[in-house]
Structure formats: C-alpha cells, structure tokens
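**Q** Dropping in start_8.txt, with compact mmCIF, C-alpha atoms.
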# COMPACT_ATOMS: atom_id res chain seq x y z
CA MET A 1255 0.00 0.00 0.00
CA ARG A 1256 1.23 3.46 -0.78
CA GLN A 1257 1.70 5.68 2.22
CA ILE A 1258 1.57 9.44 2.16
CA THR A 1259 4.25 11.26 4.04
CA SER A 1260 2.81 14.72 3.76
CA THR A 1261 -0.73 15.95 3.43
CA SER A 1262 0.35 19.37 2.29
CA ILE A 1263 -0.59 18.52 -1.26
CA LYS A 1264 -1.89 21.54 -3.13
CA MET A 1265 -5.21 20.09 -4.16
CA LYS A 1266 -6.45 23.28 -5.79
CA GLU A 1267 -3.58 23.28 -8.25
CA LEU A 1268 -4.51 19.77 -9.23
CA ILE A 1269 -8.22 20.40 -9.36
CA LYS A 1270 -8.12 23.42 -11.63
CA PRO A 1271 -5.25 23.29 -14.07
CA LYS A 1272 -5.20 26.64 -15.85
CA GLU A 1273 -4.82 25.23 -19.34
CA LEU A 1274 -7.94 23.08 -19.08
CA LYS A 1275 -10.13 25.56 -17.28
CA ALA A 1276 -11.46 27.36 -20.33
CA LEU A 1277 -13.25 24.73 -22.41
CA PRO A 1278 -14.39 21.28 -21.46
CA LEU A 1279 -12.74 18.71 -23.65
CA THR A 1280 -14.25 15.37 -24.55
CA ASP A 1281 -12.81 12.20 -23.09
CA ALA A 1282 -11.40 11.30 -26.49
CA GLU A 1283 -9.59 14.64 -26.75
CA LEU A 1284 -8.22 14.30 -23.25
CA VAL A 1285 -7.06 10.77 -23.95
CA LYS A 1286 -5.27 11.96 -27.08
CA ARG A 1287 -3.48 14.66 -25.12
CA ALA A 1288 -2.64 12.28 -22.31
CA GLN A 1289 -1.18 9.86 -24.85
CA GLN A 1290 1.04 12.68 -26.06
CA GLY A 1291 2.36 13.11 -22.54
CA ASN A 1292 0.09 15.88 -21.28
CA THR A 1293 -0.26 15.05 -17.59
CA SER A 1294 -2.92 17.73 -16.97
CA ALA A 1295 -5.16 15.94 -19.45
CA PHE A 1296 -4.73 12.70 -17.58
CA GLU A 1297 -5.49 14.48 -14.30
CA GLU A 1298 -8.72 15.76 -15.79
CA LEU A 1299 -9.71 12.20 -16.74
CA VAL A 1300 -9.00 11.09 -13.18
CA ARG A 1301 -11.18 13.90 -11.84
CA ARG A 1302 -14.03 12.88 -14.15
CA TYR A 1303 -13.99 9.23 -13.21
CA GLU A 1304 -12.57 9.12 -9.69
CA ARG A 1305 -15.98 8.88 -8.05
CA LYS A 1306 -17.44 6.39 -10.51
CA VAL A 1307 -14.44 4.13 -10.24
CA TYR A 1308 -14.51 4.43 -6.45
CA ASN A 1309 -18.15 3.36 -6.42
CA LEU A 1310 -17.38 0.40 -8.66
CA VAL A 1311 -14.40 -0.85 -6.66
CA TYR A 1312 -16.11 -0.24 -3.32
CA ARG A 1313 -19.11 -2.28 -4.42
CA MET A 1314 -16.85 -5.01 -5.76
CA LEU A 1315 -14.63 -5.24 -2.71
CA GLY A 1316 -17.03 -4.22 0.04
CA ASN A 1317 -14.71 -2.13 2.19
CA GLU A 1318 -12.99 1.24 2.09
CA GLU A 1319 -9.44 0.04 2.65
CA ASP A 1320 -9.41 -2.30 -0.35
CA ALA A 1321 -11.37 0.20 -2.41
CA LYS A 1322 -8.74 2.87 -1.72
CA ASP A 1323 -5.92 0.63 -2.95
CA ALA A 1324 -7.93 -0.56 -5.95
CA LEU A 1325 -8.73 3.02 -6.90
CA GLN A 1326 -5.05 3.92 -6.90
CA ASP A 1327 -4.05 0.78 -8.79
CA THR A 1328 -6.70 1.43 -11.42
CA PHE A 1329 -5.54 4.94 -12.23
CA ILE A 1330 -1.86 4.04 -12.06
CA ARG A 1331 -2.46 1.21 -14.54
CA ALA A 1332 -4.58 3.48 -16.71
CA TYR A 1333 -1.75 6.02 -16.77
CA ARG A 1334 0.88 3.39 -17.55
CA PHE A 1335 -1.15 1.87 -20.38
CA ILE A 1336 -2.96 4.86 -21.81
CA LYS A 1337 -0.70 4.89 -24.86
CA LYS A 1338 -1.99 1.40 -25.68
CA PHE A 1339 -5.62 2.51 -25.55
CA LYS A 1340 -6.79 2.48 -29.16
CA GLY A 1341 -10.19 4.04 -28.66
CA LYS A 1342 -12.15 1.02 -29.85
CA SER A 1343 -14.41 1.42 -26.83
CA SER A 1344 -15.12 4.52 -24.77
CA PHE A 1345 -12.49 5.57 -22.27
CA TYR A 1346 -14.67 4.78 -19.27
CA THR A 1347 -15.44 1.27 -20.54
CA TRP A 1348 -11.69 0.70 -20.82
CA LEU A 1349 -11.18 2.20 -17.37
CA TYR A 1350 -13.90 0.00 -15.88
CA ARG A 1351 -12.22 -3.02 -17.39
CA ILE A 1352 -8.99 -2.10 -15.63
CA ALA A 1353 -10.87 -1.50 -12.38
CA THR A 1354 -12.72 -4.82 -12.48
CA ASN A 1355 -9.49 -6.67 -13.27
CA VAL A 1356 -7.83 -4.98 -10.31
CA CYS A 1357 -10.77 -6.08 -8.16
CA PHE A 1358 -10.70 -9.67 -9.45
CA THR A 1359 -7.02 -9.91 -8.57
CA ARG A 1360 -7.71 -8.59 -5.08
CA LEU A 1361 -10.63 -10.95 -4.58
CA LYS A 1362 -8.49 -13.91 -5.63
CA THR A 1363 -5.75 -12.88 -3.19
CA ARG A 1364 -8.35 -12.46 -0.49
CA LYS A 1365 -9.69 -15.97 -1.15
CA THR A 1366 -6.26 -17.54 -0.70
CA LYS A 1367 -5.68 -15.51 2.45
CA GLU A 1368 -9.03 -16.46 3.93
CA PRO A 1369 -9.50 -20.20 3.35
CA SER A 1370 -12.52 -20.26 5.64
CA GLY A 1371 -14.18 -17.61 3.48
CA GLY A 1372 -14.98 -15.62 6.59
CA VAL A 1373 -13.85 -12.28 7.88
CA SER A 1374 -11.44 -12.12 10.80
CA LEU A 1375 -13.05 -11.13 14.08
CA ASP A 1376 -10.14 -8.74 14.59
CA GLU A 1377 -11.03 -6.86 11.45
CA PRO A 1378 -12.62 -3.51 12.25
CA ILE A 1379 -16.25 -3.33 11.34
CA ILE A 1380 -16.87 -0.70 8.75
CA ASP A 1381 -20.33 0.64 9.16
CA GLU A 1382 -21.66 1.84 5.83
CA SER A 1383 -23.42 4.68 7.59
CA GLU A 1384 -19.97 6.14 8.33
CA ILE A 1385 -19.29 6.52 4.66
CA GLN A 1386 -19.83 9.97 3.32
CA ARG A 1387 -22.71 10.05 0.92
CA GLU A 1388 -24.49 12.58 -1.18
CA ILE A 1389 -26.34 15.23 0.78
CA PRO A 1390 -29.30 13.48 2.39
CA ASP A 1391 -32.81 14.38 1.46
CA TYR A 1392 -34.07 16.06 4.61
CA LYS A 1393 -37.66 15.74 3.46
CA GLU A 1394 -37.31 12.02 4.00
CA SER A 1395 -38.89 10.78 7.20
CA PRO A 1396 -36.56 9.22 9.83
CA GLU A 1397 -38.44 5.94 9.50
CA HIS A 1398 -38.01 5.90 5.73
CA LEU A 1399 -34.36 6.94 6.01
CA PHE A 1400 -33.69 4.14 8.49
CA HIS A 1401 -35.41 1.64 6.22
CA ARG A 1402 -33.43 2.83 3.21
CA GLN A 1403 -30.13 2.56 5.10
CA GLN A 1404 -31.06 -0.96 6.15
CA ILE A 1405 -31.75 -1.93 2.56
CA GLN A 1406 -28.50 -0.35 1.38
CA GLN A 1407 -26.53 -2.33 3.94
CA ALA A 1408 -28.40 -5.51 3.08
CA LEU A 1409 -27.74 -4.95 -0.61
CA GLN A 1410 -24.02 -4.45 -0.03
CA ASP A 1411 -23.93 -7.61 2.11
CA ALA A 1412 -25.74 -9.53 -0.62
CA ILE A 1413 -23.38 -8.14 -3.27
CA ASN A 1414 -20.41 -9.25 -1.17
CA GLU A 1415 -21.82 -12.78 -1.23
CA LEU A 1416 -22.34 -12.81 -4.99
CA PRO A 1417 -19.81 -14.87 -6.96
CA SER A 1418 -17.38 -12.32 -8.41
CA ASP A 1419 -18.33 -13.10 -12.03
CA TYR A 1420 -21.94 -12.18 -11.35
CA ARG A 1421 -20.99 -9.34 -9.02
CA SER A 1422 -19.11 -7.35 -11.64
CA VAL A 1423 -21.97 -7.66 -14.13
CA VAL A 1424 -24.67 -6.67 -11.62
CA ILE A 1425 -22.67 -3.69 -10.36
CA LEU A 1426 -21.86 -2.36 -13.81
CA ARG A 1427 -25.35 -2.96 -15.18
CA ASP A 1428 -27.75 -2.23 -12.33
CA LEU A 1429 -25.75 0.05 -10.04
CA GLN A 1430 -23.57 1.93 -12.52
CA GLY A 1431 -26.17 1.95 -15.27
CA LEU A 1432 -24.07 0.66 -18.17
CA SER A 1433 -25.80 -1.02 -21.10
CA ASN A 1434 -25.30 -4.73 -21.77
CA LYS A 1435 -23.06 -3.81 -24.68
CA GLU A 1436 -20.89 -1.57 -22.50
CA VAL A 1437 -20.68 -4.25 -19.82
CA SER A 1438 -19.65 -6.81 -22.41
CA LYS A 1439 -16.86 -4.52 -23.57
CA ALA A 1440 -15.76 -3.64 -20.05
CA LEU A 1441 -15.58 -7.28 -19.00
CA ASN A 1442 -14.58 -8.74 -22.35
CA LEU A 1443 -17.62 -11.02 -22.39
CA SER A 1444 -20.19 -11.86 -25.03
CA ILE A 1445 -23.57 -10.13 -24.70
CA ALA A 1446 -25.13 -13.57 -24.09
CA ALA A 1447 -22.77 -14.15 -21.16
CA VAL A 1448 -23.58 -10.71 -19.73
CA LYS A 1449 -27.31 -11.43 -19.92
CA SER A 1450 -26.92 -14.83 -18.35
CA ARG A 1451 -24.76 -13.59 -15.48
CA LEU A 1452 -26.99 -10.60 -14.93
CA HIS A 1453 -30.04 -12.84 -14.65
CA ARG A 1454 -28.32 -15.22 -12.22
CA GLY A 1455 -27.03 -12.28 -10.18
CA ARG A 1456 -30.50 -10.77 -9.96
CA VAL A 1457 -31.97 -14.12 -8.92
CA PHE A 1458 -29.34 -14.36 -6.20
CA LEU A 1459 -30.07 -10.83 -4.94
CA ARG A 1460 -33.80 -11.45 -5.06
CA ASN A 1461 -33.42 -14.52 -2.85
CA ARG A 1462 -31.13 -12.73 -0.42
CA LEU A 1463 -33.26 -9.60 -0.19
CA SER A 1464 -36.71 -11.16 -0.25
CA LYS A 1465 -37.65 -9.91 3.24
CA TYR A 1466 -36.75 -6.34 2.24
CA ILE A 1467 -38.86 -6.58 -0.89
CA VAL A 1468 -41.88 -7.38 1.28
CA ALA A 1469 -40.95 -4.59 3.72
CA THR A 1470 -40.53 -2.09 0.88
CA ARG A 1471 -43.94 -3.02 -0.47
CA GLN A 1472 -45.46 -2.51 2.97
CA ASN A 1473 -43.66 0.82 3.35
CA LEU A 1474 -44.83 1.96 -0.05
CA HIS A 1475 -48.33 0.89 0.85
CA LYS A 1476 -48.12 2.78 4.17
CA SER A 1477 -46.78 5.93 2.52
CA LYS A 1478 -49.53 5.76 -0.10
CA ILE A 1479 -52.13 5.46 2.65
CA SER A 1480 -50.65 8.35 4.67
CA GLN A 1481 -50.33 10.42 1.48
CA SER A 1482 -53.95 9.90 0.52
CA PHE A 1483 -54.92 10.55 4.16
CA ALA A 1484 -53.01 13.85 4.10
CA GLU A 1485 -54.55 14.78 0.76
CA SER A 1486 -58.04 14.09 2.06
CA GLU A 1487 -57.49 16.35 5.09
CA MET B 796 -46.03 -20.66 -25.65
CA ILE B 797 -44.75 -19.10 -22.45
CA ASP B 798 -45.04 -21.14 -19.28
CA CYS B 799 -43.80 -20.26 -15.79
CA ASN B 800 -40.38 -21.88 -16.24
CA LYS B 801 -39.74 -20.11 -19.50
CA PHE B 802 -40.95 -16.86 -18.00
CA PHE B 803 -38.46 -17.18 -15.16
CA LEU B 804 -35.60 -17.71 -17.61
CA LEU B 805 -36.57 -14.68 -19.67
CA ILE B 806 -37.62 -12.27 -16.95
CA SER B 807 -34.39 -10.22 -16.89
CA GLU B 808 -34.42 -9.72 -20.64
CA PHE B 809 -38.13 -8.94 -20.49
CA ILE B 810 -37.55 -6.22 -17.89
CA ASP B 811 -34.61 -4.83 -19.85
CA GLU B 812 -36.83 -4.77 -22.96
CA GLU B 813 -34.43 -6.89 -24.90
CA LEU B 814 -36.82 -9.51 -26.15
CA GLU B 815 -38.55 -9.61 -29.49
CA GLU B 816 -41.92 -7.94 -29.37
CA GLU B 817 -43.75 -11.19 -30.10
CA ILE B 818 -42.23 -12.94 -27.07
CA ALA B 819 -42.71 -9.87 -24.90
CA LEU B 820 -46.40 -9.87 -25.80
CA GLU B 821 -46.71 -13.52 -24.83
CA ILE B 822 -45.04 -12.78 -21.51
CA ARG B 823 -47.35 -9.87 -20.82
CA ALA B 824 -50.32 -12.12 -21.52
CA HIS B 825 -48.91 -14.80 -19.22
CA ILE B 826 -48.32 -12.35 -16.35
CA LYS B 827 -51.92 -11.21 -16.58
CA THR B 828 -53.18 -14.71 -15.91
CA CYS B 829 -50.50 -16.03 -13.53
CA GLN B 830 -50.32 -14.53 -10.05
CA THR B 831 -47.06 -16.34 -9.20
CA CYS B 832 -45.26 -14.89 -12.22
CA GLN B 833 -46.79 -11.52 -11.51
CA ASN B 834 -45.23 -11.63 -8.03
CA ILE B 835 -41.89 -12.75 -9.43
CA HIS B 836 -42.01 -9.94 -11.96
CA GLU B 837 -42.68 -7.39 -9.22
CA SER B 838 -39.92 -8.75 -7.03
CA PHE B 839 -37.39 -8.46 -9.86
CA LEU B 840 -38.48 -4.91 -10.53
CA HIS B 841 -37.99 -4.17 -6.84
CA ILE B 842 -34.48 -5.59 -6.79
CA ILE B 843 -33.48 -3.59 -9.84
CA ARG B 844 -34.99 -0.44 -8.33
CA ILE B 845 -33.13 -1.02 -5.06
CA CYS B 846 -29.89 -1.29 -7.01
CA GLN B 847 -30.62 1.81 -9.08
CA CYS B 848 -31.62 3.84 -6.02
CA GLN B 849 -28.33 3.25 -4.26
CA CYS B 850 -26.73 6.56 -3.34
CA ALA B 851 -23.51 7.10 -5.19
CA LEU B 852 -20.79 7.08 -2.57
CA GLU B 853 -18.62 10.14 -2.19
CA VAL B 854 -14.92 9.43 -2.30
CA PRO B 855 -13.76 9.83 1.32
CA PRO B 856 -11.35 12.80 1.64
CA THR B 857 -8.46 10.64 2.85
CA VAL B 858 -8.89 8.25 -0.09
CA HIS B 859 -9.06 11.20 -2.50
CA GLU B 860 -5.92 12.79 -1.03
CA GLN B 861 -3.93 9.58 -1.12
CA LEU B 862 -4.91 8.93 -4.70
CA TRP B 863 -3.78 12.36 -5.79
CA GLN B 864 -0.62 12.26 -3.69
CA THR B 865 0.38 9.00 -5.35
CA LEU B 866 -0.56 10.11 -8.84
CA LYS B 867 1.15 13.44 -8.43
CA GLY B 868 4.36 11.67 -7.47
CA ILE B 869 4.21 9.43 -10.54
CA LEU B 870 3.24 12.21 -12.95
CA GLU B 871 5.96 14.55 -11.67
CA GLN B 872 8.55 11.82 -11.94
CA ASP B 873 7.58 11.16 -15.55
CA THR B 874 7.57 14.86 -16.39
CA LYS B 875 11.10 15.21 -15.02
CA GLN B 876 12.32 12.18 -16.95
CA SER B 877 10.89 13.44 -20.20
Show me, as structure tokens, the structure contained in the file I just sent.

**A**
Amino acid sequence: MRQITSTSIKMKELIKPKELKALPLTDAELVKRAQQGNTSAFEELVRRYERKVYNLVYRMLGNEEDAKDALQDTFIRAYRFIKKFKGKSSFYTWLYRIATNVCFTRLKTRKTKEPSGGVSLDEPIIDESEIQREIPDYKESPEHLFHRQQIQQALQDAINELPSDYRSVVILRDLQGLSNKEVSKALNLSIAAVKSRLHRGRVFLRNRLSKYIVATRQNLHKSKISQSFAESE
Amino acid sequence: MIDCNKFFLLISEFIDEELEEEIALEIRAHIKTCQTCQNIHESFLHIIRICQCQCALEVPPTVHEQLWQTLKGILEQDTKQS
C-alpha cells in the first residue's frame, strides 16, 4: 500500500489546471493529449472518473481500505497503459475493465488468504453509515431513512456474497447503469454471457433480499395510505 | 407458448426490454393470468430499483488525497524524466 508522508498537497492546483479551465474537452480529446504526454489531461480524466471508479471498486470489494488501494491501482495502470488505448471502446469502458481486473485480482488474493471464506473477528467493522454520501434528502422521514439505510446495507452484504463473475456484471449494469453492450466490452464477455450472469445475479439478490422486498412493499403501501390521508385532510 | 419456467428464464431480458416484441407480448399475456409470475415480476423490478436507487458514494477525503498524492508523485517523476 502506498503511504503518504505529507498531506500538504496543493489540491487546488490539481483540481483546476489553468490550461484546461477554459473549455471542457471530450474524453477522447483528453485521452489523445494524455497519450502525447500531457499530464494535466490525464489528471482531468482522473477527476471525471474518480468517483465512478470508487463506487465500482467499493461495491466489488465491500470495504474502504481495499477500495482505496484498488482506486489507486486502477488509475496508475490506466496512466501506464494509456498509450496502448486504441479508442475502440469509450475511455470509461476501458477504465472499468482495468478497475474490475484490479478487483478480481484482489478478490483472488483475499480468497487464498481467507480459506474459511470468513472475515477475521479482529477486522474492524466498517459501518456503511460512516461513509460519506451525497447530501441526504431532509424531506425524507426518519423511518423511511432508516429503512433505506437498512436496505443499502443488506444490498451491499448480498453483493459481497455474490460470486465475483456475477458481481461485476450486476454492479456495472444495475448500479452503474451501463448497457449490456458496454458491460460486455468492459468485462470482455459476449452479450449472451452478460445477460446470463446478470439474470443469475438478480436471482441471487432477489433470494437474499426477499424480506426487504416485502418490507418495501409494505412501506410503499403505508406511505400511499398516509399520502392519501393527508390529501383528504 | 410461455409457461412459468420459460418466463423465469426470460424475466431479466423482459424487464430490460431486450426480447422480441412477439415474445414480450406472450409474456405480458402470461403475467396477466399467472399470479405467481406476476409476483416474481414485481420482485425483480424491486431488486433492480433497489440497485438503481443506491446513493452514489462520495470518495472519502483521505482516499481522494492519497490517490492524488500517489498520482502526483508518478506524474511529476515522468515529467522530469521526459
């Protein structure tokens, strides 16, 4: 793992490079510049996809520590190999392929380290609620918020249990919103294989989350009742 | 002819609207008459919605800083070498 020795990094300089401030370039243009050795262009690509890649690797690996390392590895590999990127797919599809490969490698290493398949009791528990999220919707009722957080945690737990082949497809397709074609390119799979894995992954999640599906229905029913009650008042 | 088993195999593609219209029509007709498949259909829609409604995680500040610290080191090194 890469350690930082100083936190005095001038983030603003990195975030707003003067030469790129004026006009937004397309990914393809940035890639071209980065391939010619323009490091600012590569930095801009990192800024564009840092969050998306973090979400992908976090969902794949299930904890912040591994996600942090995977995020770094992904962008370092992308930087090292950007000259080999031929533009046959979009940049982010290529980037997602790197990220999923990084995750697969980590998951394999984890498997050999944990023959029991379990998590060490000494390992600190990372509560998903500690993770910084988008600004919450304060109109949401505490009950609904609590229920949503429960579902989110249950979903992440279920994703962690998914076989990694299905996991990557489900995350890219249903959580990241890629099309089947994009997923097939990102994972180097046929469309038929993507569809098959997606279906199996969804079946797995449906079985794992069945009690939440019922609860969500009841909640929706309750909120519809209270809404119509409020409207009638 | 669509039966329950076939419906279950095709449900993902049906939801993703990736089936031929003829088959999709048969499935719609089957769902109308089969309560079990109707429930399965709803449960799949729920799962997909749950996935889609996941909040996008923010990159934690420490993770962001470490990423940029590392990248900056590598990029600067390469700039010097070139």

**Q** Could you list, as a PDB file with C-alpha atoms, keeping the file's coordinate frame, every residue within 10 Å of Cys848 of chain B, counting only C-alpha atoms and ignoring same-chain residues fewer than 5 positions away?

**A**
ATOM      1  CA  ARG A1402     -33.430   2.830   3.210  1.00  0.00           C
ATOM      2  CA  GLN A1406     -28.500  -0.350   1.380  1.00  0.00           C
ATOM      3  CA  ASP A1428     -27.750  -2.230 -12.330  1.00  0.00           C
ATOM      4  CA  LEU A1429     -25.750   0.050 -10.040  1.00  0.00           C
TER       5      LEU A1429
ATOM      6  CA  ILE B 842     -34.480  -5.590  -6.790  1.00  0.00           C
ATOM      7  CA  ILE B 843     -33.480  -3.590  -9.840  1.00  0.00           C
TER       8      ILE B 843
END

**Q** Using only C-alpha atoms for the distances, tell me which of B:Leu804, B:Ile797, B:Leu820, B:Cys829 is nearest to chain A.

**A**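 Closest residue, counting only C-alpha atoms: B:Leu804.
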
**Q** Write out as a list of chain:residue names the residues lying within 10 Å of Leu862 of chain B, counting only C-alpha atoms and excluding same-chain residues fewer than 2 positions away.

**A** A:Arg1256, A:Ile1258, A:Val1300, A:Glu1304, A:Lys1322, A:Asp1323, A:Leu1325, A:Gln1326, A:Asp1327, A:Phe1329, A:Ile1330, B:Pro856, B:Thr857, B:Val858, B:His859, B:Glu860, B:Gln864, B:Thr865, B:Leu866, B:Lys867

**Q** May I have the protein, DNA and RNA residues with any atom at most 12 Å from the point (-24.2, -3.3, -21.8), counting all atoms listed in the file, written as number ranges by chain?

**A** A: 1343, 1347, 1423-1428, 1430-1449, 1452; B: 811, 813

**Q** Give me the chain B side of the contact with chain A, cut-off 6 Å, one line per residue showing its nearest atom pair and distance in Å at one decimal, counting all atoms listed in the file, sorted by chain and residue number, as a Markdown table.

**A**
| residue | atom | partner | partner_atom | distance |
| --- | --- | --- | --- | --- |
| B:Ser807 | CA | A:His1453 | CA | 5.6 |
| B:Cys846 | CA | A:Leu1429 | CA | 5.3 |
| B:Gln847 | CA | A:Leu1429 | CA | 5.3 |
| B:Leu852 | CA | A:Arg1387 | CA | 5.0 |
| B:Glu853 | CA | A:Arg1387 | CA | 5.1 |
| B:Val854 | CA | A:Arg1305 | CA | 5.9 |
| B:Val858 | CA | A:Lys1322 | CA | 5.6 |
| B:Leu862 | CA | A:Gln1326 | CA | 5.5 |

**Q** Have a look at atom CA of Thr1354 of chain A and atom CA of Phe803 of chain B and let me know their distance in Å, one decimal.

**A**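 Going from atom CA of Thr1354 of chain A over to atom CA of Phe803 of chain B covers 28.7 Å.
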
**Q** Do you have the atom CA of Leu1361 of chain A-atom CA of Gln849 of chain B distance handy?

**A** 22.7 Å

**Q** Of the candidates A:Gln1289, A:Asn1355, A:Thr1328, A:Asn1317, which one gets nearest to Asp1419 of chain A if we count only C-alpha atoms?

**A** A:Asn1355

**Q** Can segment 800-830 of chain B be brought up to N, CA and C atoms and written out as a short mmCIF file (atom, residue, chain, number, x, y, z; two decimals), in the coordinates of the input?

**A**
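Okay, this is what ended up in selection.cif:
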data_model
loop_
_atom_site.label_atom_id
_atom_site.label_comp_id
_atom_site.auth_asym_id
_atom_site.auth_seq_id
_atom_site.Cartn_x
_atom_site.Cartn_y
_atom_site.Cartn_z
N ASN B 800 -41.84 -21.63 -16.19
CA ASN B 800 -40.38 -21.88 -16.24
C ASN B 800 -39.71 -21.00 -17.28
N LYS B 801 -40.32 -20.91 -18.42
CA LYS B 801 -39.74 -20.11 -19.50
C LYS B 801 -39.76 -18.63 -19.10
N PHE B 802 -40.85 -18.25 -18.46
CA PHE B 802 -40.95 -16.86 -18.00
C PHE B 802 -39.80 -16.51 -17.06
N PHE B 803 -39.52 -17.44 -16.13
CA PHE B 803 -38.46 -17.18 -15.16
C PHE B 803 -37.09 -17.04 -15.84
N LEU B 804 -36.89 -17.79 -16.89
CA LEU B 804 -35.60 -17.71 -17.61
C LEU B 804 -35.46 -16.40 -18.38
N LEU B 805 -36.62 -15.87 -18.80
CA LEU B 805 -36.57 -14.68 -19.67
C LEU B 805 -36.85 -13.37 -18.95
N ILE B 806 -37.12 -13.46 -17.65
CA ILE B 806 -37.62 -12.27 -16.95
C ILE B 806 -36.64 -11.07 -17.02
N SER B 807 -35.35 -11.34 -16.86
CA SER B 807 -34.39 -10.22 -16.89
C SER B 807 -34.42 -9.51 -18.24
N GLU B 808 -34.39 -10.32 -19.30
CA GLU B 808 -34.42 -9.72 -20.64
C GLU B 808 -35.74 -9.01 -20.91
N PHE B 809 -36.80 -9.57 -20.32
CA PHE B 809 -38.13 -8.94 -20.49
C PHE B 809 -38.12 -7.56 -19.83
N ILE B 810 -37.60 -7.50 -18.61
CA ILE B 810 -37.55 -6.22 -17.89
C ILE B 810 -36.64 -5.22 -18.61
N ASP B 811 -35.55 -5.72 -19.14
CA ASP B 811 -34.61 -4.83 -19.85
C ASP B 811 -35.07 -4.51 -21.28
N GLU B 812 -36.24 -5.00 -21.63
CA GLU B 812 -36.83 -4.77 -22.96
C GLU B 812 -35.90 -5.21 -24.07
N GLU B 813 -35.36 -6.40 -23.89
CA GLU B 813 -34.43 -6.89 -24.90
C GLU B 813 -34.96 -8.11 -25.64
N LEU B 814 -36.23 -8.38 -25.45
CA LEU B 814 -36.82 -9.51 -26.15
C LEU B 814 -37.56 -9.03 -27.40
N GLU B 815 -37.75 -9.97 -28.31
CA GLU B 815 -38.55 -9.61 -29.49
C GLU B 815 -39.98 -9.31 -29.04
N GLU B 816 -40.60 -8.41 -29.77
CA GLU B 816 -41.92 -7.94 -29.37
C GLU B 816 -42.94 -9.08 -29.23
N GLU B 817 -42.82 -10.06 -30.12
CA GLU B 817 -43.75 -11.19 -30.10
C GLU B 817 -43.67 -11.95 -28.77
N ILE B 818 -42.43 -12.20 -28.33
CA ILE B 818 -42.23 -12.94 -27.07
C ILE B 818 -42.66 -12.06 -25.89
N ALA B 819 -42.33 -10.79 -25.98
CA ALA B 819 -42.71 -9.87 -24.90
C ALA B 819 -44.24 -9.83 -24.73
N LEU B 820 -44.93 -9.86 -25.85
CA LEU B 820 -46.40 -9.87 -25.80
C LEU B 820 -46.93 -11.13 -25.11
N GLU B 821 -46.31 -12.24 -25.45
CA GLU B 821 -46.71 -13.52 -24.83
C GLU B 821 -46.48 -13.47 -23.32
N ILE B 822 -45.35 -12.87 -22.94
CA ILE B 822 -45.04 -12.78 -21.51
C ILE B 822 -46.06 -11.89 -20.81
N ARG B 823 -46.37 -10.78 -21.42
CA ARG B 823 -47.35 -9.87 -20.82
C ARG B 823 -48.69 -10.60 -20.61
N ALA B 824 -49.06 -11.36 -21.61
CA ALA B 824 -50.32 -12.12 -21.52
C ALA B 824 -50.24 -13.15 -20.39
N HIS B 825 -49.08 -13.78 -20.26
CA HIS B 825 -48.91 -14.80 -19.22
C HIS B 825 -48.98 -14.16 -17.82
N ILE B 826 -48.32 -13.03 -17.67
CA ILE B 826 -48.32 -12.35 -16.35
C ILE B 826 -49.75 -12.00 -15.92
N LYS B 827 -50.54 -11.61 -16.90
CA LYS B 827 -51.92 -11.21 -16.58
C LYS B 827 -52.72 -12.35 -15.96
N THR B 828 -52.37 -13.57 -16.38
CA THR B 828 -53.18 -14.71 -15.91
C THR B 828 -52.51 -15.50 -14.79
N CYS B 829 -51.23 -15.23 -14.52
CA CYS B 829 -50.50 -16.03 -13.53
C CYS B 829 -50.03 -15.16 -12.36
N GLN B 830 -50.65 -15.35 -11.22
CA GLN B 830 -50.32 -14.53 -10.05
C GLN B 830 -48.88 -14.76 -9.58
#
